[in-house]
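Participant: Next up, protein.csv (CSV, C-alpha atoms).
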```
chain,number,residue,atom,x,y,z
A,1,MET,CA,150.8,105.4,-49.3
A,2,ARG,CA,154.5,104.6,-48.9
A,3,PHE,CA,156.0,107.3,-46.7
A,4,THR,CA,159.0,109.2,-48.1
A,5,LYS,CA,160.2,112.7,-47.4
A,6,THR,CA,158.8,113.8,-50.8
A,7,SER,CA,155.4,112.2,-50.3
A,8,ILE,CA,155.0,113.7,-46.9
A,9,ASP,CA,156.1,117.1,-48.0
A,10,ALA,CA,153.4,116.9,-50.8
A,11,LEU,CA,150.6,116.1,-48.4
A,12,THR,CA,147.8,118.8,-48.3
A,13,LEU,CA,144.6,119.1,-46.3
A,14,PRO,CA,141.6,118.2,-48.5
A,15,PRO,CA,139.2,121.1,-49.1
A,16,GLY,CA,136.5,121.6,-46.4
A,17,LYS,CA,138.3,119.3,-43.8
A,18,SER,CA,139.7,120.5,-40.5
A,19,GLU,CA,142.0,117.4,-40.2
A,20,HIS,CA,143.3,114.6,-42.3
A,21,TYR,CA,145.2,111.3,-41.7
A,22,GLU,CA,147.5,109.5,-44.0
A,23,TRP,CA,148.9,106.0,-43.2
A,24,ASP,CA,152.2,104.4,-44.1
A,25,ASP,CA,152.2,101.2,-46.2
A,26,THR,CA,155.6,100.2,-44.8
A,27,LEU,CA,154.8,100.3,-41.1
A,28,LYS,CA,151.2,99.5,-40.2
A,29,GLY,CA,149.8,101.9,-37.6
A,30,PHE,CA,152.2,104.7,-38.4
A,31,GLY,CA,150.8,107.8,-39.9
A,32,VAL,CA,150.7,111.6,-40.3
A,33,LYS,CA,148.0,113.9,-39.2
A,34,LEU,CA,147.4,117.3,-40.9
A,35,ASN,CA,145.4,120.0,-39.1
A,36,ALA,CA,143.7,123.1,-40.5
A,37,GLY,CA,146.0,125.3,-38.5
A,38,GLY,CA,149.0,124.0,-40.4
A,39,SER,CA,150.5,121.6,-37.9
A,40,ARG,CA,151.7,118.2,-39.1
A,41,ASN,CA,152.4,115.4,-36.7
A,42,TYR,CA,153.7,111.9,-36.9
A,43,LEU,CA,151.5,109.5,-34.9
A,44,ILE,CA,150.7,105.8,-34.2
A,45,GLN,CA,147.2,104.2,-34.1
A,46,TYR,CA,146.4,100.9,-32.4
A,47,ARG,CA,143.8,99.0,-30.4
A,48,ASN,CA,144.2,98.5,-26.7
A,49,LYS,CA,143.2,95.4,-24.7
A,50,ASP,CA,139.6,96.7,-24.5
A,51,GLY,CA,139.4,97.0,-28.2
A,52,ARG,CA,139.4,100.8,-28.2
A,53,THR,CA,141.3,102.7,-30.9
A,54,ARG,CA,144.1,104.8,-29.5
A,55,ARG,CA,146.1,107.5,-31.3
A,56,MET,CA,149.3,108.9,-29.9
A,57,VAL,CA,151.5,111.7,-31.4
A,58,VAL,CA,155.1,110.6,-31.9
A,59,GLY,CA,156.5,114.1,-32.9
A,60,LYS,CA,156.2,117.0,-35.2
A,61,VAL,CA,157.0,116.5,-38.9
A,62,ASP,CA,159.1,119.6,-38.9
A,63,THR,CA,161.1,118.4,-35.9
A,64,LEU,CA,161.7,114.7,-36.6
A,65,THR,CA,163.2,113.1,-39.7
A,66,LEU,CA,161.0,110.4,-41.3
A,67,VAL,CA,163.6,107.8,-40.2
A,68,GLU,CA,163.6,109.0,-36.6
A,69,ALA,CA,159.8,109.1,-36.5
A,70,ARG,CA,159.4,105.6,-38.0
A,71,GLU,CA,161.9,104.2,-35.4
A,72,ARG,CA,160.0,105.8,-32.5
A,73,ALA,CA,156.7,104.5,-33.9
A,74,ARG,CA,158.1,101.0,-34.4
A,75,ALA,CA,159.3,100.8,-30.8
A,76,LEU,CA,155.9,101.9,-29.5
A,77,LEU,CA,154.0,99.5,-31.7
A,78,VAL,CA,156.3,96.7,-30.6
A,79,ASP,CA,155.3,97.5,-27.0
A,80,VAL,CA,151.7,97.5,-28.0
A,81,GLN,CA,152.1,94.0,-29.3
A,82,GLY,CA,153.5,93.0,-25.9
A,83,GLY,CA,150.3,94.3,-24.2
A,84,ALA,CA,151.3,97.9,-23.4
A,85,ASP,CA,149.0,100.8,-23.8
A,86,PRO,CA,151.2,103.9,-24.4
A,87,VAL,CA,148.3,106.4,-24.3
A,88,GLY,CA,146.9,104.9,-21.1
A,89,GLN,CA,150.3,104.9,-19.5
A,90,LYS,CA,150.9,108.5,-20.5
A,91,ALA,CA,147.5,109.5,-19.0
A,92,VAL,CA,148.3,107.7,-15.7
A,93,ALA,CA,151.8,109.3,-15.6
A,94,LYS,CA,150.3,112.7,-16.2
A,95,ALA,CA,147.8,112.2,-13.4
A,96,GLN,CA,150.5,111.1,-11.0
A,97,VAL,CA,152.7,114.1,-11.8
A,98,VAL,CA,150.0,116.6,-10.8
A,99,VAL,CA,149.4,114.7,-7.5
A,100,THR,CA,151.5,116.6,-5.0
A,101,LEU,CA,152.6,115.5,-1.5
A,102,GLY,CA,150.2,118.1,-0.1
A,103,ASP,CA,147.3,116.3,-2.0
A,104,VAL,CA,148.3,113.0,-0.6
A,105,VAL,CA,148.7,114.4,3.0
A,106,GLU,CA,145.2,115.8,2.8
A,107,ALA,CA,143.7,112.5,1.6
A,108,TYR,CA,145.7,110.5,4.2
A,109,LEU,CA,144.6,112.7,7.1
A,110,LYS,CA,140.9,112.3,6.2
A,111,GLN,CA,141.1,108.6,6.6
A,112,ALA,CA,143.5,108.7,9.6
A,113,LYS,CA,141.1,110.9,11.5
A,114,ARG,CA,138.5,108.1,11.5
A,115,ARG,CA,140.8,105.5,12.9
A,116,LEU,CA,143.2,107.3,15.2
A,117,LYS,CA,142.5,108.7,18.7
A,118,SER,CA,142.5,112.5,18.8
A,119,ARG,CA,145.9,112.9,20.4
A,120,SER,CA,147.6,110.5,18.0
A,121,PHE,CA,145.9,112.2,15.0
A,122,GLU,CA,147.0,115.6,16.2
A,123,GLN,CA,150.6,114.5,16.3
A,124,VAL,CA,150.4,112.9,12.8
A,125,GLU,CA,148.7,116.0,11.4
A,126,ARG,CA,151.3,118.3,13.0
A,127,HIS,CA,154.2,116.4,11.5
A,128,LEU,CA,152.8,115.9,8.0
A,129,ALA,CA,151.3,119.4,7.7
A,130,ARG,CA,154.1,121.4,9.3
A,131,ASP,CA,157.3,119.5,9.3
A,132,TRP,CA,156.9,118.3,5.6
A,133,GLN,CA,155.4,121.6,4.4
A,134,PRO,CA,158.6,122.5,2.3
A,135,LEU,CA,157.9,119.4,0.1
A,136,ALA,CA,154.1,119.9,-0.1
A,137,ARG,CA,154.0,121.2,-3.7
A,138,MET,CA,156.3,118.6,-5.1
A,139,PRO,CA,154.7,115.8,-7.2
A,140,VAL,CA,154.5,112.9,-4.9
A,141,ASN,CA,156.3,110.6,-7.3
A,142,GLU,CA,159.1,113.0,-7.9
A,143,ILE,CA,160.1,113.1,-4.2
A,144,LYS,CA,163.4,111.2,-3.8
A,145,ARG,CA,165.2,109.8,-0.8
A,146,ALA,CA,167.6,112.8,-1.0
A,147,ASN,CA,164.6,115.2,-0.6
A,148,VAL,CA,163.4,113.4,2.5
A,149,ALA,CA,166.9,113.1,4.0
A,150,ALA,CA,167.6,116.8,3.5
A,151,GLN,CA,164.3,117.8,5.2
A,152,LEU,CA,165.0,115.4,8.1
A,153,ASN,CA,168.3,117.2,8.6
A,154,VAL,CA,166.5,120.5,8.7
A,155,ILE,CA,164.0,119.3,11.3
A,156,ALA,CA,166.7,117.8,13.5
A,157,GLY,CA,169.0,120.8,13.0
A,158,SER,CA,168.1,122.6,16.2
A,159,GLY,CA,168.5,119.6,18.5
A,160,HIS,CA,165.0,118.2,17.6
A,161,ARG,CA,166.2,114.7,16.8
A,162,VAL,CA,163.3,112.9,18.4
A,163,LYS,CA,160.9,115.3,16.6
A,164,ALA,CA,162.6,114.4,13.3
A,165,ALA,CA,162.3,110.7,14.0
A,166,ARG,CA,158.6,111.1,14.6
A,167,ALA,CA,158.2,113.2,11.5
A,168,ARG,CA,160.0,110.4,9.6
A,169,SER,CA,157.7,107.7,10.9
A,170,ALA,CA,154.6,109.8,10.1
A,171,LEU,CA,155.8,110.3,6.5
A,172,SER,CA,156.7,106.7,6.0
A,173,ALA,CA,153.3,105.5,7.2
A,174,MET,CA,151.6,108.0,4.8
A,175,PHE,CA,153.7,106.7,1.8
A,176,THR,CA,152.9,103.1,2.7
A,177,TRP,CA,149.2,104.0,2.6
A,178,ALA,CA,149.6,106.0,-0.6
A,179,MET,CA,151.2,103.0,-2.3
A,180,GLY,CA,148.3,100.9,-1.4
A,181,GLU,CA,145.9,103.5,-2.8
A,182,GLY,CA,147.9,103.7,-6.1
A,183,LEU,CA,148.9,107.3,-5.4
A,184,ALA,CA,152.6,106.7,-5.0
A,185,GLU,CA,154.9,104.3,-6.7
A,186,GLY,CA,157.3,103.9,-3.8
A,187,ASN,CA,158.3,105.0,-0.3
A,188,PRO,CA,161.2,107.5,-0.5
A,189,VAL,CA,161.6,107.3,3.3
A,190,VAL,CA,162.9,103.8,3.1
A,191,GLY,CA,166.7,103.8,3.4
A,192,THR,CA,167.0,107.3,5.0
A,193,ASN,CA,168.8,107.4,8.3
A,194,LYS,CA,166.8,107.5,11.5
A,195,PRO,CA,167.5,110.8,13.3
A,196,ALA,CA,167.2,109.3,16.7
A,197,ASP,CA,166.0,106.1,18.4
A,198,GLU,CA,163.2,107.0,20.8
A,199,LYS,CA,163.8,105.6,24.2
A,200,ALA,CA,161.2,105.1,26.8
A,201,ARG,CA,161.3,108.0,29.2
A,202,ASP,CA,161.9,107.4,32.9
A,203,ARG,CA,162.1,111.0,34.1
A,204,VAL,CA,160.7,111.3,37.7
A,205,LEU,CA,160.8,114.7,39.3
A,206,ASN,CA,162.6,114.9,42.6
A,207,GLU,CA,161.1,116.8,45.5
A,208,THR,CA,162.9,120.1,44.7
A,209,GLU,CA,161.7,120.0,41.1
A,210,LEU,CA,158.2,119.1,42.1
A,211,ARG,CA,158.1,122.0,44.5
A,212,ALA,CA,159.5,124.4,41.9
A,213,ILE,CA,156.8,123.4,39.4
A,214,TRP,CA,154.0,123.7,41.9
A,215,ARG,CA,155.2,127.2,42.9
A,216,ALA,CA,155.7,128.3,39.3
A,217,CYS,CA,152.0,127.6,38.6
A,218,ARG,CA,150.0,130.9,38.4
A,219,ASP,CA,146.4,131.3,39.1
A,220,ASP,CA,145.5,130.8,35.5
A,221,THR,CA,144.2,128.1,33.2
A,222,TYR,CA,147.6,126.5,32.6
A,223,GLY,CA,148.6,126.7,36.2
A,224,ARG,CA,145.5,124.9,37.3
A,225,ILE,CA,145.9,122.2,34.6
A,226,VAL,CA,149.5,121.5,35.7
A,227,ARG,CA,148.5,121.1,39.3
A,228,LEU,CA,145.6,118.9,38.4
A,229,LEU,CA,148.0,116.7,36.3
A,230,LEU,CA,150.2,116.2,39.3
A,231,LEU,CA,147.3,115.7,41.8
A,232,THR,CA,145.4,113.2,39.6
A,233,GLY,CA,148.1,111.4,37.7
A,234,GLN,CA,146.1,111.6,34.5
A,235,ARG,CA,147.2,112.3,30.9
A,236,ARG,CA,147.7,115.8,29.6
A,237,ASP,CA,144.8,115.7,27.0
A,238,GLU,CA,142.5,114.1,29.5
A,239,VAL,CA,142.8,117.0,31.8
A,240,GLY,CA,143.0,119.6,29.0
A,241,SER,CA,139.7,118.3,27.5
A,242,MET,CA,137.8,118.0,30.8
A,243,SER,CA,134.2,119.0,30.6
A,244,ASP,CA,131.6,119.9,33.2
A,245,GLY,CA,129.5,116.9,32.1
A,246,GLU,CA,132.3,114.6,33.3
A,247,LEU,CA,132.4,116.1,36.8
A,248,ASN,CA,130.3,115.1,39.8
A,249,LEU,CA,131.6,117.6,42.3
A,250,ALA,CA,129.1,116.6,44.9
A,251,ALA,CA,130.5,113.0,44.9
A,252,ALA,CA,134.1,114.3,44.1
A,253,VAL,CA,134.4,112.1,41.1
A,254,TRP,CA,135.6,112.9,37.6
A,255,THR,CA,134.5,110.3,35.0
A,256,ILE,CA,136.5,110.1,31.8
A,257,PRO,CA,134.5,108.5,29.0
A,258,ALA,CA,135.8,105.6,27.1
A,259,GLN,CA,136.4,107.6,23.9
A,260,ARG,CA,138.8,109.8,25.7
A,261,THR,CA,141.0,107.2,27.4
A,262,LYS,CA,144.0,105.5,25.8
A,263,ASN,CA,142.7,102.0,26.6
A,264,GLY,CA,139.1,102.7,25.6
A,265,LEU,CA,137.7,102.0,29.1
A,266,VAL,CA,135.7,104.4,31.2
A,267,HIS,CA,137.8,105.7,34.0
A,268,GLU,CA,136.6,107.2,37.3
A,269,VAL,CA,139.1,109.5,39.1
A,270,PRO,CA,138.4,110.4,42.7
A,271,LEU,CA,139.0,114.1,43.3
A,272,SER,CA,141.0,115.1,46.4
A,273,ARG,CA,140.1,118.3,48.3
A,274,PRO,CA,142.9,120.3,46.7
A,275,ALA,CA,141.8,119.1,43.2
A,276,LEU,CA,138.2,120.2,44.0
A,277,GLU,CA,139.5,123.6,45.1
A,278,ILE,CA,141.4,124.1,41.9
A,279,LEU,CA,138.3,123.2,39.8
A,280,ALA,CA,136.2,125.6,41.8
A,281,THR,CA,138.5,128.5,40.8
A,282,GLN,CA,138.4,127.8,37.1
A,283,PRO,CA,136.0,130.4,35.5
A,284,ARG,CA,133.2,128.9,33.4
A,285,ILE,CA,132.3,130.3,30.0
A,286,GLU,CA,128.5,130.4,29.3
A,287,GLY,CA,127.4,128.0,26.7
A,288,ARG,CA,130.8,126.1,26.8
A,289,SER,CA,131.0,122.7,28.5
A,290,LEU,CA,134.8,122.4,28.3
A,291,LEU,CA,136.5,123.8,31.3
A,292,PHE,CA,139.8,124.8,29.7
A,293,GLY,CA,140.6,126.7,26.6
A,294,HIS,CA,138.5,128.9,24.4
A,295,GLY,CA,136.3,128.6,21.3
A,296,VAL,CA,135.1,125.2,20.2
A,297,GLY,CA,138.3,123.2,21.2
A,298,ALA,CA,140.0,122.1,24.4
A,299,PHE,CA,143.1,123.9,25.8
A,300,SER,CA,145.8,124.3,23.1
A,301,GLY,CA,148.5,126.7,24.4
A,302,TRP,CA,150.7,123.9,25.7
A,303,SER,CA,154.1,124.9,24.2
A,304,ASN,CA,154.1,128.6,24.9
A,305,SER,CA,152.6,128.1,28.4
A,306,LYS,CA,155.3,125.6,29.4
A,307,GLU,CA,158.0,127.8,28.0
A,308,ARG,CA,156.9,130.7,30.2
A,309,MET,CA,156.7,128.3,33.2
A,310,ASP,CA,160.2,127.1,32.6
A,311,LYS,CA,161.4,130.7,32.5
A,312,ARG,CA,159.8,131.3,35.9
A,313,ILE,CA,161.4,128.2,37.3
A,314,ALA,CA,164.8,129.3,36.0
A,315,ALA,CA,164.3,132.8,37.4
A,316,SER,CA,163.7,131.3,40.9
A,317,GLY,CA,167.2,129.9,40.8
A,318,ILE,CA,166.3,126.2,40.3
A,319,MET,CA,168.4,124.6,37.5
A,320,MET,CA,166.0,121.9,36.2
A,321,PRO,CA,167.0,119.4,33.5
A,322,PRO,CA,164.5,119.3,30.5
A,323,TRP,CA,161.1,117.9,31.6
A,324,ARG,CA,157.7,117.2,30.0
A,325,LEU,CA,154.2,117.4,31.4
A,326,HIS,CA,153.9,113.6,31.1
A,327,ASP,CA,156.7,113.4,33.7
A,328,LEU,CA,154.1,114.6,36.2
A,329,ARG,CA,152.1,111.4,35.6
A,330,ARG,CA,155.2,109.3,36.1
A,331,THR,CA,156.1,111.3,39.2
A,332,ALA,CA,152.6,110.8,40.7
A,333,ALA,CA,152.8,107.0,40.1
A,334,THR,CA,156.3,106.8,41.6
A,335,GLY,CA,155.4,109.1,44.4
A,336,MET,CA,152.3,107.2,45.4
A,337,ALA,CA,154.3,104.0,45.5
A,338,SER,CA,156.9,105.7,47.7
A,339,ILE,CA,154.3,106.6,50.3
A,340,GLY,CA,152.9,103.1,50.6
A,341,VAL,CA,150.2,102.9,47.9
A,342,LEU,CA,150.1,99.3,46.5
A,343,PRO,CA,151.1,98.7,42.9
A,344,HIS,CA,147.6,97.5,41.8
A,345,VAL,CA,146.0,100.6,43.2
A,346,VAL,CA,148.6,102.9,41.5
A,347,GLU,CA,147.7,101.1,38.2
A,348,ALA,CA,144.0,101.6,38.9
A,349,VAL,CA,144.6,105.3,39.5
A,350,LEU,CA,146.5,105.5,36.2
A,351,ASN,CA,143.9,103.4,34.3
A,352,HIS,CA,146.5,100.9,33.4
A,353,ILE,CA,145.5,97.3,32.5
A,354,SER,CA,148.8,95.6,33.1
A,355,GLY,CA,150.7,93.8,35.8
A,356,ALA,CA,148.4,93.1,38.8
A,357,LYS,CA,145.3,94.2,36.8
A,358,ALA,CA,146.0,92.4,33.5
A,359,GLY,CA,143.5,90.2,31.8
A,360,VAL,CA,139.7,89.8,32.2
A,361,ALA,CA,139.9,89.8,36.0
A,362,GLY,CA,141.5,93.2,36.0
A,363,ILE,CA,138.8,94.6,33.8
A,364,TYR,CA,136.0,93.3,36.1
A,365,ASN,CA,137.8,94.2,39.3
A,366,ARG,CA,138.6,97.8,38.5
A,367,ALA,CA,135.3,99.0,40.1
A,368,THR,CA,136.4,97.5,43.5
A,369,TYR,CA,139.3,99.9,43.7
A,370,ALA,CA,137.2,103.0,44.1
A,371,ARG,CA,137.8,103.3,47.8
A,372,GLU,CA,141.5,102.5,47.4
A,373,LYS,CA,141.9,105.0,44.6
A,374,ARG,CA,140.4,107.8,46.7
A,375,GLU,CA,142.6,107.0,49.6
A,376,ALA,CA,145.6,106.9,47.4
A,377,LEU,CA,144.9,110.3,45.7
A,378,ASP,CA,144.0,111.9,49.1
A,379,LEU,CA,147.3,110.7,50.5
A,380,TRP,CA,149.2,111.8,47.5
A,381,ALA,CA,147.6,115.3,47.5
A,382,ALA,CA,148.5,115.7,51.2
A,383,HIS,CA,152.1,114.7,50.4
A,384,VAL,CA,152.3,117.2,47.4
A,385,LEU,CA,151.0,120.1,49.5
A,386,ALA,CA,153.4,119.3,52.3
A,387,LEU,CA,156.3,119.4,49.8
A,388,ALA,CA,155.0,122.6,48.2
A,389,LEU,CA,154.9,124.4,51.6
A,390,LEU,CA,158.5,123.4,52.6
A,391,GLU,CA,161.0,126.2,52.6
```
With the file now loaded, output its structure as structure tokens.
Facilitator:
Amino acid sequence: MRFTKTSIDALTLPPGKSEHYEWDDTLKGFGVKLNAGGSRNYLIQYRNKDGRTRRMVVGKVDTLTLVEARERARALLVDVQGGADPVGQKAVAKAQVVVTLGDVVEAYLKQAKRRLKSRSFEQVERHLARDWQPLARMPVNEIKRANVAAQLNVIAGSGHRVKAARARSALSAMFTWAMGEGLAEGNPVVGTNKPADEKARDRVLNETELRAIWRACRDDTYGRIVRLLLLTGQRRDEVGSMSDGELNLAAAVWTIPAQRTKNGLVHEVPLSRPALEILATQPRIEGRSLLFGHGVGAFSGWSNSKERMDKRIAASGIMMPPWRLHDLRRTAATGMASIGVLPHVVEAVLNHISGAKAGVAGIYNRATYAREKREALDLWAAHVLALALLE
């Protein structure tokens, strides 16, 4: 039938039917649908590229004039002739709207856990799940650069500019992944200002600071960890996740398995007498192989424990600039070099494959440094204890 206002107003639902369609003779594919409930809608009908019949509501008969409805229908049908699929596009858009940032974070972390080392994963998880939590319920494709920039300012607001920079990097990497998965249309992090440029740290504790930290260590789990970090020169999470199975106390050797080292190589750490004495004082929990921490995981109270230690150091009258646990590793390396340990031995102690140990030769020669590493760590331990006892 040829649609006019009069002809549409005269349409009625045939007896016994719950719905009925009428099509316009003027514009092919343009029609009206009548429902048993009384609703009347303008719609279009077309075939997509797969040959499937699609119908899409253009608007309510009571809301749009016939002229307005026909123009909307015409525009959509022109797009269809150009290869578009309005119904399919609407479904995709609807699905994307309900995908929130929190949903994408969850999906991203599942795959990231399989490819990242535990320490790196923990950092990424912390930034995405905590720092970007205020945006978690927003549809991922509605997040704009302004939203990201505003939250970066919040994160950096209390002097945490480096933290904000890391949170920004984590979010950008996630959006890049999400774009590849078809979950996000763009990366709203691009174009936002970097809160800070991370610089390589070169903080080495002086003798007064080293002594203050040693003396601030209590006879508790954190105190033992900090002293072991200084005595062995190993990484925070390597010590914090130490297990009984890695220790051969009779031979005074701690073997860190490949899956727990940064370079993926097994690393043997000779244990000095002071290190052995510290390990002997750590209480063991029956049925638990990990030395430090509680429950199923390794030690986790890093921030609060260090904050309490810093307060004890300040109370002792020592004015220390900000420092991190990783500075203990750098201090151990610098300290060993200052008392005569050769560079390649220091690298062997730190499990570095660079400089004198670079290349295939370094990998195959690392076992030959067992004696040198033990001598170096014994010498370093004696030096640390001598400093700690000075008044």
Participant: Please tabulate, as JSON lines, the residues of segment 226-280 of chain A that come within 10 Å of segment 303-327 of chain A, each with its closest pair of atoms and the distance in Å to one decimal, counting only C-alpha atoms and ordering rows by chain, then residue number upward.
Facilitator:
```
{"residue": "A:Val226", "atom": "CA", "partner": "A:Leu325", "partner_atom": "CA", "distance": 7.6}
{"residue": "A:Leu229", "atom": "CA", "partner": "A:Leu325", "partner_atom": "CA", "distance": 7.9}
{"residue": "A:Leu230", "atom": "CA", "partner": "A:Leu325", "partner_atom": "CA", "distance": 8.9}
{"residue": "A:Gly233", "atom": "CA", "partner": "A:His326", "partner_atom": "CA", "distance": 9.1}
{"residue": "A:Gln234", "atom": "CA", "partner": "A:His326", "partner_atom": "CA", "distance": 8.7}
{"residue": "A:Arg235", "atom": "CA", "partner": "A:His326", "partner_atom": "CA", "distance": 6.8}
{"residue": "A:Arg236", "atom": "CA", "partner": "A:His326", "partner_atom": "CA", "distance": 6.7}
```
Participant: With distances taken over only C-alpha atoms, which of A:Gly340, A:Pro134, A:Gly223, A:Gly301 is nearest to Gln282 of chain A?
Facilitator: A:Gly223
Participant: Do a neighbour search on Ile278 of chain A at 9 Å with only C-alpha atoms, toss out local chain neighbours closer than 6 positions, and write the hits as a PDB file with C-alpha atoms, keeping the file's coordinate frame.
Facilitator:
```
ATOM      1  CA  ARG A 224     145.500 124.900  37.300  1.00  0.00           C
ATOM      2  CA  ILE A 225     145.900 122.200  34.600  1.00  0.00           C
ATOM      3  CA  ARG A 227     148.500 121.100  39.300  1.00  0.00           C
ATOM      4  CA  LEU A 228     145.600 118.900  38.400  1.00  0.00           C
TER       5      LEU A 228
END
```
Participant: Do you have the atom CA of Gly59 of chain A-atom CA of Gln45 of chain A distance handy?
Facilitator: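 These atoms are spaced 13.6 Å apart.
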Participant: Using only C-alpha atoms, which residue out of A:Val104, A:Arg54, A:Val148, A:Leu66 lies closest to Thr176 of chain A?
Facilitator: A:Val104
Participant: What separation in Å, quoted to one decimal, exists between atom CA of Gln123 of chain A and atom CA of Lys110 of chain A?
Facilitator: 14.2 Å
Participant: Report the distance between atom CA of Val346 of chain A and atom CA of Leu377 of chain A in Å, rounded to one decimal place.
Facilitator: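 These two atoms are separated by 9.3 Å.
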Participant: Excluding same-chain residues fewer than 6 positions from Asn141 of chain A, what lies within 9 Å of it counting all atoms listed in the file, as a compact mmCIF listing (two decimals) with C-alpha atoms, in the coordinates of the input?
Facilitator:
```txt
# COMPACT_ATOMS: atom_id res chain seq x y z
CA GLN A 96 150.50 111.10 -11.00
CA VAL A 97 152.70 114.10 -11.80
CA VAL A 99 149.40 114.70 -7.50
CA THR A 100 151.50 116.60 -5.00
CA LEU A 101 152.60 115.50 -1.50
CA LEU A 183 148.90 107.30 -5.40
CA ALA A 184 152.60 106.70 -5.00
CA GLU A 185 154.90 104.30 -6.70
CA GLY A 186 157.30 103.90 -3.80
CA PRO A 188 161.20 107.50 -0.50
```
Participant: Would you kindly return, as a list in words, each protein, DNA or RNA residue with an atom no farther than 8 Å from any atom of segment 382-387 of chain A, considering all atoms listed in the file and excluding same-chain residues fewer than 6 positions away?
Facilitator: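 In the requested form, the answer reads Glu207, Leu210, Arg211 and Leu231 of chain A.
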Participant: Hey, can you pull every residue with an atom no more than 9 Å from (161.0, 109.3, 44.7), using all atoms listed in the file, and send it as a ChimeraX atom specification?
Facilitator: /A:204-207,331,334-338
Participant: For C-alpha atoms, I'd like the residues from the last selection saved as a PDB file, in the frame of the given file.
Facilitator:
```pdb
ATOM      1  CA  VAL A 204     160.700 111.300  37.700  1.00  0.00           C
ATOM      2  CA  LEU A 205     160.800 114.700  39.300  1.00  0.00           C
ATOM      3  CA  ASN A 206     162.600 114.900  42.600  1.00  0.00           C
ATOM      4  CA  GLU A 207     161.100 116.800  45.500  1.00  0.00           C
ATOM      5  CA  THR A 331     156.100 111.300  39.200  1.00  0.00           C
ATOM      6  CA  THR A 334     156.300 106.800  41.600  1.00  0.00           C
ATOM      7  CA  GLY A 335     155.400 109.100  44.400  1.00  0.00           C
ATOM      8  CA  MET A 336     152.300 107.200  45.400  1.00  0.00           C
ATOM      9  CA  ALA A 337     154.300 104.000  45.500  1.00  0.00           C
ATOM     10  CA  SER A 338     156.900 105.700  47.700  1.00  0.00           C
TER      11      SER A 338
END
```
Participant: I want to know what sits within 12 Å of Leu171 of chain A, based on all atoms listed in the file, with residues of the same chain fewer than 2 positions away left out; could you give that as a PyMOL selection string?
Facilitator: chain A and resi 101-102+104-105+108-109+123-133+135-136+140+143+145+148-149+151-152+164-169+173-178+187-190+192
Participant: Counting all atoms listed in the file, find the residues whose atoms lie at most 12 Å from (140.7, 116.0, -42.4) (file coordinates) and write them out as a list in words.
Facilitator: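 The answer, in the requested form, is Leu11, Thr12, Leu13, Pro14, Pro15, Gly16, Lys17, Ser18, Glu19, His20, Tyr21, Glu22, Val32, Lys33, Leu34, Asn35, Ala36, Gly37, Gly38 and Arg40 of chain A.
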Participant: Hey, what's within 12 Å of Arg72 of chain A if we count all atoms listed in the file and toss same-chain stuff fewer than 6 positions away? As a JSON list (two decimals) with C-alpha atoms, in the coordinates of the input, please?
Facilitator:
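out_39.json was written with the following content:
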```json
[["chain", "number", "residue", "atom", "x", "y", "z"],
["A", 27, "LEU", "CA", 154.80, 100.30, -41.10],
["A", 30, "PHE", "CA", 152.20, 104.70, -38.40],
["A", 31, "GLY", "CA", 150.80, 107.80, -39.90],
["A", 42, "TYR", "CA", 153.70, 111.90, -36.90],
["A", 43, "LEU", "CA", 151.50, 109.50, -34.90],
["A", 44, "ILE", "CA", 150.70, 105.80, -34.20],
["A", 56, "MET", "CA", 149.30, 108.90, -29.90],
["A", 57, "VAL", "CA", 151.50, 111.70, -31.40],
["A", 58, "VAL", "CA", 155.10, 110.60, -31.90],
["A", 59, "GLY", "CA", 156.50, 114.10, -32.90],
["A", 64, "LEU", "CA", 161.70, 114.70, -36.60],
["A", 65, "THR", "CA", 163.20, 113.10, -39.70],
["A", 66, "LEU", "CA", 161.00, 110.40, -41.30],
["A", 78, "VAL", "CA", 156.30, 96.70, -30.60],
["A", 79, "ASP", "CA", 155.30, 97.50, -27.00]]
```
Participant: My list of candidates is A:Ala107, A:Leu276, A:Val269, A:Ile353. Which is closest to Ala250 of chain A when distances are computed with all atoms listed in the file?
Facilitator: A:Leu276
Participant: For Ser272 of chain A, which residue out of A:Ala216, A:Val296, A:Ile256, A:Ala251 is the nearest one, using all atoms listed in the file?
Facilitator: A:Ala251
Participant: Which is closest to Leu389 of chain A among A:Ala212, A:Ala112, A:Val87, A:Leu247, if we use only C-alpha atoms?
Facilitator: A:Ala212
Participant: Taking N, CA and C atoms as the atom set, what does segment 249-254 of chain A look like once completed, written as a tab-separated table (two decimals), in the coordinates of the input?
Facilitator:
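What ended up in rebuild-v3.tsv:
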```tsv
chain	number	residue	atom	x	y	z
A	249	LEU	N	130.86	116.98	41.17
A	249	LEU	CA	131.60	117.60	42.30
A	249	LEU	C	131.00	117.25	43.62
A	250	ALA	N	129.72	116.96	43.67
A	250	ALA	CA	129.10	116.60	44.90
A	250	ALA	C	129.70	115.25	45.43
A	251	ALA	N	129.93	114.33	44.49
A	251	ALA	CA	130.50	113.00	44.90
A	251	ALA	C	132.04	113.05	44.75
A	252	ALA	N	132.61	114.19	44.29
A	252	ALA	CA	134.10	114.30	44.10
A	252	ALA	C	134.63	113.26	43.21
A	253	VAL	N	134.00	113.11	42.03
A	253	VAL	CA	134.40	112.10	41.10
A	253	VAL	C	134.46	112.74	39.67
A	254	TRP	N	135.51	112.47	38.96
A	254	TRP	CA	135.60	112.90	37.60
A	254	TRP	C	135.63	111.59	36.73
```
